[in-house]
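The data block below is data-v9.cif; it holds mmCIF, C-alpha atoms and all ligand atoms.
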```
data_input
#
loop_
_atom_site.group_PDB
_atom_site.id
_atom_site.type_symbol
_atom_site.label_atom_id
_atom_site.label_comp_id
_atom_site.auth_asym_id
_atom_site.auth_seq_id
_atom_site.Cartn_x
_atom_site.Cartn_y
_atom_site.Cartn_z
ATOM 1 C CA MET A 12 1.307 -3.469 23.362
ATOM 2 C CA SER A 13 1.523 -2.385 19.734
ATOM 3 C CA VAL A 14 2.894 -5.051 17.378
ATOM 4 C CA CYS A 15 4.940 -4.062 14.352
ATOM 5 C CA TYR A 16 6.858 -5.877 11.639
ATOM 6 C CA LEU A 17 10.500 -5.063 10.899
ATOM 7 C CA ASN A 18 12.653 -7.014 8.441
ATOM 8 C CA GLY A 19 11.259 -10.493 9.042
ATOM 9 C CA GLU A 20 10.220 -10.150 12.693
ATOM 10 C CA PHE A 21 7.064 -9.213 14.587
ATOM 11 C CA LEU A 22 8.091 -7.042 17.529
ATOM 12 C CA ASN A 23 6.765 -4.811 20.234
ATOM 13 C CA LEU A 24 6.832 -1.402 18.503
ATOM 14 C CA LYS A 25 8.954 -0.029 21.373
ATOM 15 C CA ASP A 26 11.697 -2.578 20.603
ATOM 16 C CA ALA A 27 11.917 -1.956 16.843
ATOM 17 C CA LYS A 28 15.242 -0.395 15.842
ATOM 18 C CA ILE A 29 16.964 0.487 12.576
ATOM 19 C CA SER A 30 20.448 1.754 11.826
ATOM 20 C CA PRO A 31 21.174 5.475 11.392
ATOM 21 C CA LEU A 32 22.941 4.341 8.211
ATOM 22 C CA ASP A 33 19.601 3.276 6.745
ATOM 23 C CA ARG A 34 19.021 5.219 3.532
ATOM 24 C CA GLY A 35 15.523 6.074 4.703
ATOM 25 C CA PHE A 36 17.076 7.976 7.622
ATOM 26 C CA LEU A 37 20.016 9.465 5.703
ATOM 27 C CA PHE A 38 18.302 10.469 2.477
ATOM 28 C CA GLY A 39 14.571 9.996 2.906
ATOM 29 C CA ASP A 40 15.260 7.311 0.275
ATOM 30 C CA SER A 41 12.046 5.393 0.870
ATOM 31 C CA ILE A 42 8.363 5.155 0.039
ATOM 32 C CA TYR A 43 5.474 4.941 2.470
ATOM 33 C CA GLU A 44 1.772 4.171 2.527
ATOM 34 C CA VAL A 45 -0.931 4.827 5.074
ATOM 35 C CA PHE A 46 -4.193 2.945 4.999
ATOM 36 C CA ALA A 47 -7.120 2.325 7.278
ATOM 37 C CA ALA A 48 -8.446 -0.953 8.630
ATOM 38 C CA TYR A 49 -12.109 -0.704 9.653
ATOM 39 C CA ASP A 50 -13.265 -3.514 11.886
ATOM 40 C CA LYS A 51 -9.919 -5.256 11.183
ATOM 41 C CA LYS A 52 -10.533 -5.168 7.415
ATOM 42 C CA ALA A 53 -8.007 -3.197 5.350
ATOM 43 C CA PHE A 54 -9.837 -0.522 3.336
ATOM 44 C CA ARG A 55 -8.872 -0.247 -0.355
ATOM 45 C CA ILE A 56 -5.614 -2.108 0.211
ATOM 46 C CA GLU A 57 -5.225 -2.980 -3.477
ATOM 47 C CA GLU A 58 -5.391 0.696 -4.475
ATOM 48 C CA HIS A 59 -2.867 1.634 -1.779
ATOM 49 C CA LEU A 60 -0.517 -1.166 -2.844
ATOM 50 C CA ASP A 61 -0.928 -0.237 -6.525
ATOM 51 C CA ARG A 62 0.238 3.290 -5.720
ATOM 52 C CA PHE A 63 2.995 1.903 -3.490
ATOM 53 C CA TYR A 64 4.381 -0.338 -6.237
ATOM 54 C CA ILE A 65 4.146 2.438 -8.847
ATOM 55 C CA ASN A 66 6.172 4.642 -6.466
ATOM 56 C CA LEU A 67 8.760 1.923 -5.764
ATOM 57 C CA LYS A 68 9.215 1.496 -9.484
ATOM 58 C CA GLU A 69 9.448 5.252 -9.996
ATOM 59 C CA ILE A 70 12.427 5.492 -7.590
ATOM 60 C CA LYS A 71 13.842 2.118 -8.809
ATOM 61 C CA LEU A 72 13.609 0.482 -5.377
ATOM 62 C CA THR A 73 13.451 -3.314 -5.554
ATOM 63 C CA VAL A 74 11.838 -5.139 -2.671
ATOM 64 C CA ASN A 75 12.961 -8.604 -1.707
ATOM 65 C CA ILE A 76 9.471 -9.994 -0.984
ATOM 66 C CA SER A 77 6.441 -10.431 -3.234
ATOM 67 C CA ARG A 78 3.261 -8.353 -3.133
ATOM 68 C CA GLN A 79 1.348 -11.372 -1.778
ATOM 69 C CA GLU A 80 3.896 -11.869 1.030
ATOM 70 C CA LEU A 81 3.653 -8.186 1.879
ATOM 71 C CA LYS A 82 -0.154 -8.440 1.997
ATOM 72 C CA ASN A 83 0.056 -11.468 4.311
ATOM 73 C CA ILE A 84 2.362 -9.588 6.683
ATOM 74 C CA ILE A 85 0.059 -6.534 6.665
ATOM 75 C CA GLU A 86 -2.868 -8.864 7.465
ATOM 76 C CA LEU A 87 -0.899 -10.351 10.386
ATOM 77 C CA VAL A 88 -0.020 -6.910 11.755
ATOM 78 C CA ILE A 89 -3.725 -5.984 11.670
ATOM 79 C CA GLN A 90 -4.710 -9.234 13.412
ATOM 80 C CA LYS A 91 -1.939 -9.061 16.038
ATOM 81 C CA ASN A 92 -3.012 -5.583 17.141
ATOM 82 C CA ASP A 93 -5.903 -5.548 19.506
ATOM 83 C CA LEU A 94 -7.854 -2.718 17.870
ATOM 84 C CA SER A 95 -10.887 -2.910 15.576
ATOM 85 C CA ASN A 96 -10.047 0.288 13.721
ATOM 86 C CA GLN A 97 -6.451 0.912 12.836
ATOM 87 C CA ILE A 98 -4.206 3.091 10.716
ATOM 88 C CA ILE A 99 -1.527 0.943 9.133
ATOM 89 C CA TYR A 100 1.787 2.601 8.305
ATOM 90 C CA LEU A 101 4.025 0.878 5.769
ATOM 91 C CA GLN A 102 7.493 2.086 4.811
ATOM 92 C CA ILE A 103 10.127 0.494 2.645
ATOM 93 C CA SER A 104 13.538 2.114 2.368
ATOM 94 C CA ARG A 105 16.459 1.236 0.142
ATOM 95 C CA GLY A 106 18.059 -0.196 3.271
ATOM 96 C CA TYR A 107 21.271 -0.112 5.227
ATOM 97 C CA GLU A 108 24.666 0.599 3.674
ATOM 98 C CA GLU A 109 28.029 0.642 5.396
ATOM 99 C CA ILE A 110 29.280 3.697 3.539
ATOM 100 C CA ARG A 111 27.090 6.719 2.939
ATOM 101 C CA ASN A 112 26.853 7.396 -0.752
ATOM 102 C CA HIS A 113 24.092 9.130 -2.719
ATOM 103 C CA VAL A 114 24.374 6.402 -5.344
ATOM 104 C CA PRO A 115 22.776 3.287 -3.840
ATOM 105 C CA ASP A 116 24.609 0.001 -3.519
ATOM 106 C CA ILE A 117 22.587 -2.441 -5.614
ATOM 107 C CA LYS A 118 23.410 -5.259 -3.179
ATOM 108 C CA SER A 119 21.710 -3.698 -0.140
ATOM 109 C CA GLU A 120 18.472 -5.252 1.169
ATOM 110 C CA SER A 121 15.437 -3.030 1.557
ATOM 111 C CA THR A 122 14.184 -2.233 5.056
ATOM 112 C CA ILE A 123 10.516 -3.180 5.499
ATOM 113 C CA PHE A 124 8.587 -1.664 8.387
ATOM 114 C CA ILE A 125 4.854 -1.974 9.117
ATOM 115 C CA CYS A 126 3.089 -0.750 12.229
ATOM 116 C CA SER A 127 -0.365 0.053 13.487
ATOM 117 C CA PHE A 128 -1.852 3.093 15.217
ATOM 118 C CA PRO A 129 -5.357 3.569 16.567
ATOM 119 C CA LEU A 130 -7.723 5.086 14.002
ATOM 120 C CA LYS A 131 -9.142 7.897 16.088
ATOM 121 C CA ASN A 132 -11.656 9.442 13.726
ATOM 122 C CA LEU A 133 -14.117 7.044 12.190
ATOM 123 C CA PRO A 134 -15.946 8.614 9.259
ATOM 124 C CA ASN A 135 -19.119 9.983 10.792
ATOM 125 C CA HIS A 136 -21.885 12.426 10.068
ATOM 126 C CA ASN A 137 -20.967 14.785 12.894
ATOM 127 C CA SER A 138 -17.330 15.298 11.973
ATOM 128 C CA ASP A 139 -16.009 18.777 12.811
ATOM 129 C CA LYS A 140 -15.670 21.393 10.120
ATOM 130 C CA VAL A 141 -12.076 22.429 9.540
ATOM 131 C CA LYS A 142 -10.184 25.713 9.147
ATOM 132 C CA ILE A 143 -7.565 25.947 6.417
ATOM 133 C CA SER A 144 -5.106 28.463 4.998
ATOM 134 C CA LEU A 145 -3.722 28.927 1.468
ATOM 135 C CA ARG A 146 0.062 28.967 0.856
ATOM 136 C CA GLU A 147 2.356 28.993 -2.180
ATOM 137 C CA ASP A 148 3.447 25.388 -2.944
ATOM 138 C CA PHE A 149 7.227 25.168 -2.329
ATOM 139 C CA ARG A 150 7.473 21.374 -2.266
ATOM 140 C CA TRP A 151 9.659 19.498 -4.721
ATOM 141 C CA GLY A 152 8.478 18.876 -8.260
ATOM 142 C CA LYS A 153 7.392 15.244 -7.992
ATOM 143 C CA SER A 154 4.574 15.359 -5.490
ATOM 144 C CA ASN A 155 2.885 12.406 -7.219
ATOM 145 C CA ILE A 156 5.428 10.203 -5.393
ATOM 146 C CA LYS A 157 4.496 9.290 -1.829
ATOM 147 C CA SER A 158 8.092 9.810 -0.780
ATOM 148 C CA THR A 159 9.177 10.157 2.839
ATOM 149 C CA SER A 160 11.065 13.365 1.976
ATOM 150 C CA LEU A 161 8.367 15.254 3.812
ATOM 151 C CA LEU A 162 10.251 18.208 5.253
ATOM 152 C CA ALA A 163 8.238 20.775 3.300
ATOM 153 C CA ASN A 164 4.963 19.145 4.372
ATOM 154 C CA VAL A 165 6.207 19.021 7.978
ATOM 155 C CA LEU A 166 7.007 22.759 7.861
ATOM 156 C CA TYR A 167 3.515 23.560 6.587
ATOM 157 C CA LYS A 168 1.917 21.457 9.318
ATOM 158 C CA ILE A 169 4.045 23.154 12.018
ATOM 159 C CA GLN A 170 2.941 26.579 10.731
ATOM 160 C CA GLY A 171 -0.658 25.406 10.589
ATOM 161 C CA ASN A 172 -0.492 24.096 14.120
ATOM 162 C CA GLU A 173 0.951 27.378 15.397
ATOM 163 C CA GLU A 174 -1.917 29.230 13.724
ATOM 164 C CA ASN A 175 -4.602 26.842 14.946
ATOM 165 C CA LEU A 176 -5.406 25.627 11.424
ATOM 166 C CA ASP A 177 -6.494 22.110 10.522
ATOM 167 C CA GLU A 178 -4.832 22.041 7.102
ATOM 168 C CA ILE A 179 -2.736 24.129 4.730
ATOM 169 C CA ILE A 180 -3.846 24.125 1.103
ATOM 170 C CA LEU A 181 -1.109 24.697 -1.440
ATOM 171 C CA HIS A 182 -1.142 26.568 -4.727
ATOM 172 C CA ASP A 183 1.349 26.863 -7.521
ATOM 173 C CA ASN A 184 1.229 29.786 -9.978
ATOM 174 C CA GLY A 185 -2.220 30.711 -8.748
ATOM 175 C CA TYR A 186 -3.700 27.219 -9.048
ATOM 176 C CA ILE A 187 -4.609 24.894 -6.198
ATOM 177 C CA THR A 188 -2.529 21.722 -5.975
ATOM 178 C CA GLU A 189 -3.466 19.866 -2.776
ATOM 179 C CA GLY A 190 -3.246 20.042 1.002
ATOM 180 C CA ALA A 191 -0.080 19.368 3.033
ATOM 181 C CA VAL A 192 -1.615 15.972 3.886
ATOM 182 C CA SER A 193 -4.813 15.851 1.824
ATOM 183 C CA ASN A 194 -6.492 16.321 -1.545
ATOM 184 C CA VAL A 195 -8.939 19.151 -2.227
ATOM 185 C CA PHE A 196 -12.401 19.309 -3.769
ATOM 186 C CA CYS A 197 -14.805 22.190 -4.206
ATOM 187 C CA VAL A 198 -18.365 22.626 -5.435
ATOM 188 C CA LYS A 199 -19.540 25.512 -7.610
ATOM 189 C CA ASN A 200 -23.065 25.736 -9.028
ATOM 190 C CA LYS A 201 -23.704 22.074 -8.102
ATOM 191 C CA LYS A 202 -20.600 20.898 -9.986
ATOM 192 C CA VAL A 203 -17.748 19.154 -8.134
ATOM 193 C CA LEU A 204 -14.217 20.213 -9.079
ATOM 194 C CA THR A 205 -10.877 18.769 -8.049
ATOM 195 C CA PRO A 206 -7.349 19.458 -9.337
ATOM 196 C CA SER A 207 -6.393 16.904 -11.965
ATOM 197 C CA LEU A 208 -3.445 14.562 -11.454
ATOM 198 C CA GLN A 209 -1.498 16.710 -13.960
ATOM 199 C CA ASN A 210 -1.235 19.393 -11.237
ATOM 200 C CA ASN A 211 1.710 17.690 -9.465
ATOM 201 C CA ILE A 212 -0.371 16.145 -6.701
ATOM 202 C CA LEU A 213 -0.490 12.836 -4.896
ATOM 203 C CA PRO A 214 -3.115 10.536 -6.438
ATOM 204 C CA GLY A 215 -4.997 10.123 -3.156
ATOM 205 C CA VAL A 216 -6.828 6.836 -2.711
ATOM 206 C CA THR A 217 -9.575 8.676 -0.806
ATOM 207 C CA ARG A 218 -9.695 11.192 -3.676
ATOM 208 C CA SER A 219 -10.421 8.416 -6.153
ATOM 209 C CA VAL A 220 -13.033 6.816 -3.854
ATOM 210 C CA ILE A 221 -14.763 10.218 -3.615
ATOM 211 C CA ILE A 222 -14.597 10.750 -7.396
ATOM 212 C CA ASP A 223 -16.283 7.348 -7.920
ATOM 213 C CA ILE A 224 -18.988 8.216 -5.389
ATOM 214 C CA VAL A 225 -19.689 11.607 -7.014
ATOM 215 C CA LYS A 226 -19.970 9.930 -10.423
ATOM 216 C CA LYS A 227 -22.279 7.213 -9.071
ATOM 217 C CA LEU A 228 -24.505 9.920 -7.595
ATOM 218 C CA ASN A 229 -24.724 11.490 -11.084
ATOM 219 C CA ILE A 230 -23.327 14.771 -9.807
ATOM 220 C CA PRO A 231 -21.320 16.623 -12.500
ATOM 221 C CA LEU A 232 -17.577 16.452 -11.821
ATOM 222 C CA ALA A 233 -14.486 17.857 -13.509
ATOM 223 C CA GLU A 234 -10.830 17.188 -12.789
ATOM 224 C CA SER A 235 -9.518 20.593 -13.743
ATOM 225 C CA ARG A 236 -7.460 23.577 -12.710
ATOM 226 C CA ILE A 237 -8.902 25.480 -9.748
ATOM 227 C CA SER A 238 -7.616 28.989 -9.164
ATOM 228 C CA VAL A 239 -7.150 30.374 -5.661
ATOM 229 C CA GLU A 240 -10.066 32.741 -6.343
ATOM 230 C CA ASP A 241 -12.275 29.833 -7.517
ATOM 231 C CA LEU A 242 -11.602 28.037 -4.244
ATOM 232 C CA LYS A 243 -12.354 31.105 -2.147
ATOM 233 C CA ASN A 244 -15.626 31.626 -4.023
ATOM 234 C CA ALA A 245 -16.729 28.000 -4.037
ATOM 235 C CA ASP A 246 -20.038 26.965 -2.463
ATOM 236 C CA GLU A 247 -18.420 24.030 -0.653
ATOM 237 C CA VAL A 248 -14.786 23.062 -0.059
ATOM 238 C CA TRP A 249 -13.788 19.570 1.089
ATOM 239 C CA ILE A 250 -10.505 17.904 1.947
ATOM 240 C CA THR A 251 -9.884 14.151 1.856
ATOM 241 C CA ASN A 252 -7.346 11.664 3.144
ATOM 242 C CA THR A 253 -7.116 8.195 4.663
ATOM 243 C CA THR A 254 -6.850 9.240 8.316
ATOM 244 C CA LYS A 255 -9.658 11.809 8.272
ATOM 245 C CA GLY A 256 -11.881 10.585 5.409
ATOM 246 C CA ILE A 257 -13.766 13.576 3.954
ATOM 247 C CA LEU A 258 -14.064 16.870 5.832
ATOM 248 C CA LEU A 259 -15.938 20.079 5.106
ATOM 249 C CA VAL A 260 -14.010 23.361 5.247
ATOM 250 C CA SER A 261 -15.547 26.184 7.247
ATOM 251 C CA GLU A 262 -12.913 28.896 6.865
ATOM 252 C CA ILE A 263 -10.079 29.811 4.519
ATOM 253 C CA ASP A 264 -7.571 32.320 5.906
ATOM 254 C CA GLN A 265 -10.066 33.347 8.595
ATOM 255 C CA ILE A 266 -12.817 34.093 6.105
ATOM 256 C CA LYS A 267 -15.921 31.979 6.423
ATOM 257 C CA VAL A 268 -16.407 29.987 3.229
ATOM 258 C CA PHE A 269 -18.877 27.474 4.434
ATOM 259 C CA ARG A 270 -22.016 28.337 2.481
ATOM 260 C CA GLU A 271 -23.645 25.013 1.731
ATOM 261 C CA ASP A 272 -23.131 21.396 2.608
ATOM 262 C CA MET A 273 -25.807 19.697 0.510
ATOM 263 C CA ILE A 274 -23.513 17.793 -1.833
ATOM 264 C CA PHE A 275 -20.983 17.174 0.934
ATOM 265 C CA LYS A 276 -23.662 15.472 3.053
ATOM 266 C CA GLU A 277 -24.720 13.197 0.192
ATOM 267 C CA VAL A 278 -21.139 12.206 -0.643
ATOM 268 C CA GLN A 279 -20.117 11.788 3.000
ATOM 269 C CA GLU A 280 -23.084 9.463 3.586
ATOM 270 C CA LYS A 281 -21.976 7.200 0.713
ATOM 271 C CA PHE A 282 -18.366 7.300 1.898
ATOM 272 C CA ILE A 283 -19.389 6.185 5.383
ATOM 273 C CA GLN A 284 -21.422 3.353 3.839
ATOM 274 C CA GLU A 285 -18.368 2.244 1.822
ATOM 275 C CA THR A 286 -16.171 2.116 4.923
ATOM 276 C CA LEU A 287 -18.762 -0.080 6.653
ATOM 277 C CA ALA A 288 -19.164 -2.467 3.690
HETATM 278 N N1 LIG A 301 -1.902 14.558 -0.554
HETATM 279 C C1 LIG A 301 -0.893 14.470 0.337
HETATM 280 C C2 LIG A 301 0.288 15.403 0.215
HETATM 281 C C3 LIG A 301 -0.934 13.514 1.379
HETATM 282 O O1 LIG A 301 0.082 13.424 2.265
HETATM 283 C C4 LIG A 301 -2.080 12.663 1.477
HETATM 284 C C5 LIG A 301 -2.163 11.675 2.542
HETATM 285 O O2 LIG A 301 -1.351 11.604 3.448
HETATM 286 C C6 LIG A 301 -3.107 12.795 0.526
HETATM 287 C C7 LIG A 301 -2.985 13.744 -0.480
HETATM 288 C C8 LIG A 301 -4.345 11.888 0.551
HETATM 289 O O3 LIG A 301 -4.014 10.579 0.121
HETATM 290 P P1 LIG A 301 -4.846 9.307 0.642
HETATM 291 O O4 LIG A 301 -6.278 9.613 0.376
HETATM 292 O O5 LIG A 301 -4.335 8.185 -0.185
HETATM 293 O O6 LIG A 301 -4.579 9.156 2.110
#
```

Rendering of file as structure tokens:
Amino acid sequence: MSVCYLNGEFLNLKDAKISPLDRGFLFGDSIYEVFAAYDKKAFRIEEHLDRFYINLKEIKLTVNISRQELKNIIELVIQKNDLSNQIIYLQISRGYEEIRNHVPDIKSESTIFICSFPLKNLPNHNSDKVKISLREDFRWGKSNIKSTSLLANVLYKIQGNEENLDEIILHDNGYITEGAVSNVFCVKNKKVLTPSLQNNILPGVTRSVIIDIVKKLNIPLAESRISVEDLKNADEVWITNTTKGILLVSEIDQIKVFREDMIFKEVQEKFIQETLA
């Protein structure tokens, strides 16, 4: 049985129900987070919650419990689920309203939902290399917000799935932004490059862990603009996110790009060590 938390109650996930009049359902008016728990310990929870609270503030969503209470509930969800390694999904919407209206009713109580899924892919040295494709970025203009309005991302992932691709990498005006569900790094002449946060991307927690690791290893790094051509000509391309960790790209649009993996191996090793700490 998978245990979840919904508005004050711990429930069997199968029994959790919310109203179709919830603003999360009607408008995607909600914020979510995804984080890993390795060996029942939440990984980088403070960073995930920092981003979560910045996002809540950005869409002016007030939550009726404190950060500490939320952390305690997350901890309980992790403990109540009988899995060492979990992916925790947290979503808070602006809640239920009797009458559908774009303008929210300030009196409504937020809906708080937390559940756990098995973490299938532990970071490991033998992780598969992945195939990606490049597409023009047609998502909305505030991709820094981890909003649940994910239709564009869903469409990219459906296309990717149909074409047997592991990830779609987006570009805007010729410059790489991020993946449909990941951040992007590349290596050129032993220097690591990643699009800066000014490029309308989600500030990935894994991205910042990887940046710290690269810096600690004294490998040159720049957060800069990366053109589509730069990515195609890079020596190494990596993608990062919470569910998959860090992965090496083997192909972009059916052209083999995997040339080296020296820096990837070094960084991946440190990342695995961090997740075991
Ligand atoms: N970019 C997008 C669009 C994402 O959906 C995700 C994760 O789902 C990421 C980047 C990576 O973020 P994180 O490392 O915090 O999981």

(request) Kindly resolve the PyMOL selection byres (((not hetatm)) within 8 of (chain A and resi 301)) on the present coordinates and return the residues as a VMD selection string. (result) chain A and resid 44 to 46 59 154 157 164 189 to 194 212 to 219 251 to 254 256

(request) Specify as a count of residues only each residue included when the PyMOL selection byres (((chain A and resi 248) around 9) and not hetatm) is applied to this file. (result) 19

(request) Could you list the residues chosen by the PyMOL selection byres (((chain A and resi 136) around 9) and not hetatm) in this structure as an MDAnalysis selection string? (result) chainID A and resid 134:135 137:138 276 279:280 283

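If all atoms listed in the file are the atoms counted, then among A:Glu57, A:Arg62, A:Lys71, A:Leu94 the closest residue to Val114 (chain A) is A:Lys71.
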
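Distances to Cys15 (chain A) were evaluated for A:Ile29, A:Cys126, A:Ile110, A:Ile42 using all atoms listed in the file, and the minimum falls at A:Cys126.
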
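Between Lys153 (chain A) and the candidates A:Asn244, A:Asn184, A:Asn211, A:Gln284, the tightest atom-to-atom separation, counting all atoms listed in the file, involves A:Asn211.
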
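Residue nearest Thr122 (chain A) within the list A:Lys226, A:Arg105, A:Lys199, A:Lys52: A:Arg105 [criterion: smallest interatomic distance, only C-alpha atoms].
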
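Shortest atom-to-atom contact with Arg55 (chain A) among A:Leu228, A:Ile237, A:Leu37, A:Val220: A:Val220, counting all atoms listed in the file.
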
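Proximity of A:Ile123, A:Ile156, A:Ile89, A:Leu145 to Glu240 (chain A), computed with all atoms listed in the file, is greatest for A:Leu145.
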
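Taking CA of Leu166 (chain A) and CA of Ile65 (chain A) as endpoints, the distance between them is 26.5 Å.
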
Repaired coordinates for region 20-47 of chain A (N, CA and C atoms) as a short mmCIF file (atom, residue, chain, number, x, y, z; two decimals), in the coordinates of the input:
```
data_model
loop_
_atom_site.label_atom_id
_atom_site.label_comp_id
_atom_site.auth_asym_id
_atom_site.auth_seq_id
_atom_site.Cartn_x
_atom_site.Cartn_y
_atom_site.Cartn_z
N GLU A 20 10.61 -9.83 11.31
CA GLU A 20 10.22 -10.15 12.69
C GLU A 20 9.01 -9.33 13.13
N PHE A 21 8.14 -9.96 13.94
CA PHE A 21 7.06 -9.21 14.59
C PHE A 21 7.58 -8.82 15.97
N LEU A 22 7.47 -7.55 16.29
CA LEU A 22 8.09 -7.04 17.53
C LEU A 22 7.13 -6.10 18.24
N ASN A 23 7.42 -5.91 19.54
CA ASN A 23 6.76 -4.81 20.23
C ASN A 23 7.30 -3.52 19.58
N LEU A 24 6.41 -2.62 19.22
CA LEU A 24 6.83 -1.40 18.50
C LEU A 24 7.97 -0.68 19.23
N LYS A 25 7.92 -0.72 20.58
CA LYS A 25 8.95 -0.03 21.37
C LYS A 25 10.34 -0.62 21.14
N ASP A 26 10.39 -1.91 20.76
CA ASP A 26 11.70 -2.58 20.60
C ASP A 26 12.24 -2.53 19.17
N ALA A 27 11.47 -1.96 18.25
CA ALA A 27 11.92 -1.96 16.84
C ALA A 27 13.02 -0.91 16.66
N LYS A 28 14.11 -1.32 16.02
CA LYS A 28 15.24 -0.40 15.84
C LYS A 28 15.82 -0.55 14.45
N ILE A 29 16.22 0.58 13.84
CA ILE A 29 16.96 0.49 12.58
C ILE A 29 18.22 1.34 12.68
N SER A 30 19.15 1.08 11.78
CA SER A 30 20.45 1.75 11.83
C SER A 30 20.34 3.20 11.34
N PRO A 31 21.13 4.11 11.93
CA PRO A 31 21.17 5.48 11.39
C PRO A 31 21.78 5.51 9.99
N LEU A 32 22.40 4.40 9.58
CA LEU A 32 22.94 4.34 8.21
C LEU A 32 21.90 3.83 7.22
N ASP A 33 20.66 3.66 7.68
CA ASP A 33 19.60 3.28 6.74
C ASP A 33 19.35 4.46 5.79
N ARG A 34 19.20 4.15 4.51
CA ARG A 34 19.02 5.22 3.53
C ARG A 34 17.72 5.99 3.74
N GLY A 35 16.76 5.36 4.39
CA GLY A 35 15.52 6.07 4.70
C GLY A 35 15.83 7.22 5.66
N PHE A 36 16.70 6.96 6.63
CA PHE A 36 17.08 7.98 7.62
C PHE A 36 18.01 9.01 7.00
N LEU A 37 19.00 8.56 6.24
CA LEU A 37 20.02 9.46 5.70
C LEU A 37 19.50 10.34 4.56
N PHE A 38 18.67 9.74 3.70
CA PHE A 38 18.30 10.47 2.48
C PHE A 38 16.79 10.63 2.30
N GLY A 39 16.01 10.07 3.19
CA GLY A 39 14.57 10.00 2.91
C GLY A 39 14.36 9.11 1.69
N ASP A 40 15.29 8.14 1.49
CA ASP A 40 15.26 7.31 0.28
C ASP A 40 14.30 6.14 0.51
N SER A 41 13.03 6.43 0.55
CA SER A 41 12.05 5.39 0.87
C SER A 41 10.66 5.85 0.44
N ILE A 42 9.76 4.90 0.44
CA ILE A 42 8.36 5.16 0.04
C ILE A 42 7.48 4.67 1.18
N TYR A 43 6.37 5.37 1.39
CA TYR A 43 5.47 4.94 2.47
C TYR A 43 4.03 4.88 2.00
N GLU A 44 3.22 4.22 2.75
CA GLU A 44 1.77 4.17 2.53
C GLU A 44 1.09 4.26 3.88
N VAL A 45 -0.10 4.78 3.86
CA VAL A 45 -0.93 4.83 5.07
C VAL A 45 -2.30 4.35 4.66
N PHE A 46 -2.82 3.33 5.32
CA PHE A 46 -4.19 2.94 5.00
C PHE A 46 -4.95 2.55 6.25
N ALA A 47 -6.26 2.58 6.12
CA ALA A 47 -7.12 2.33 7.28
C ALA A 47 -7.56 0.87 7.29
#
```
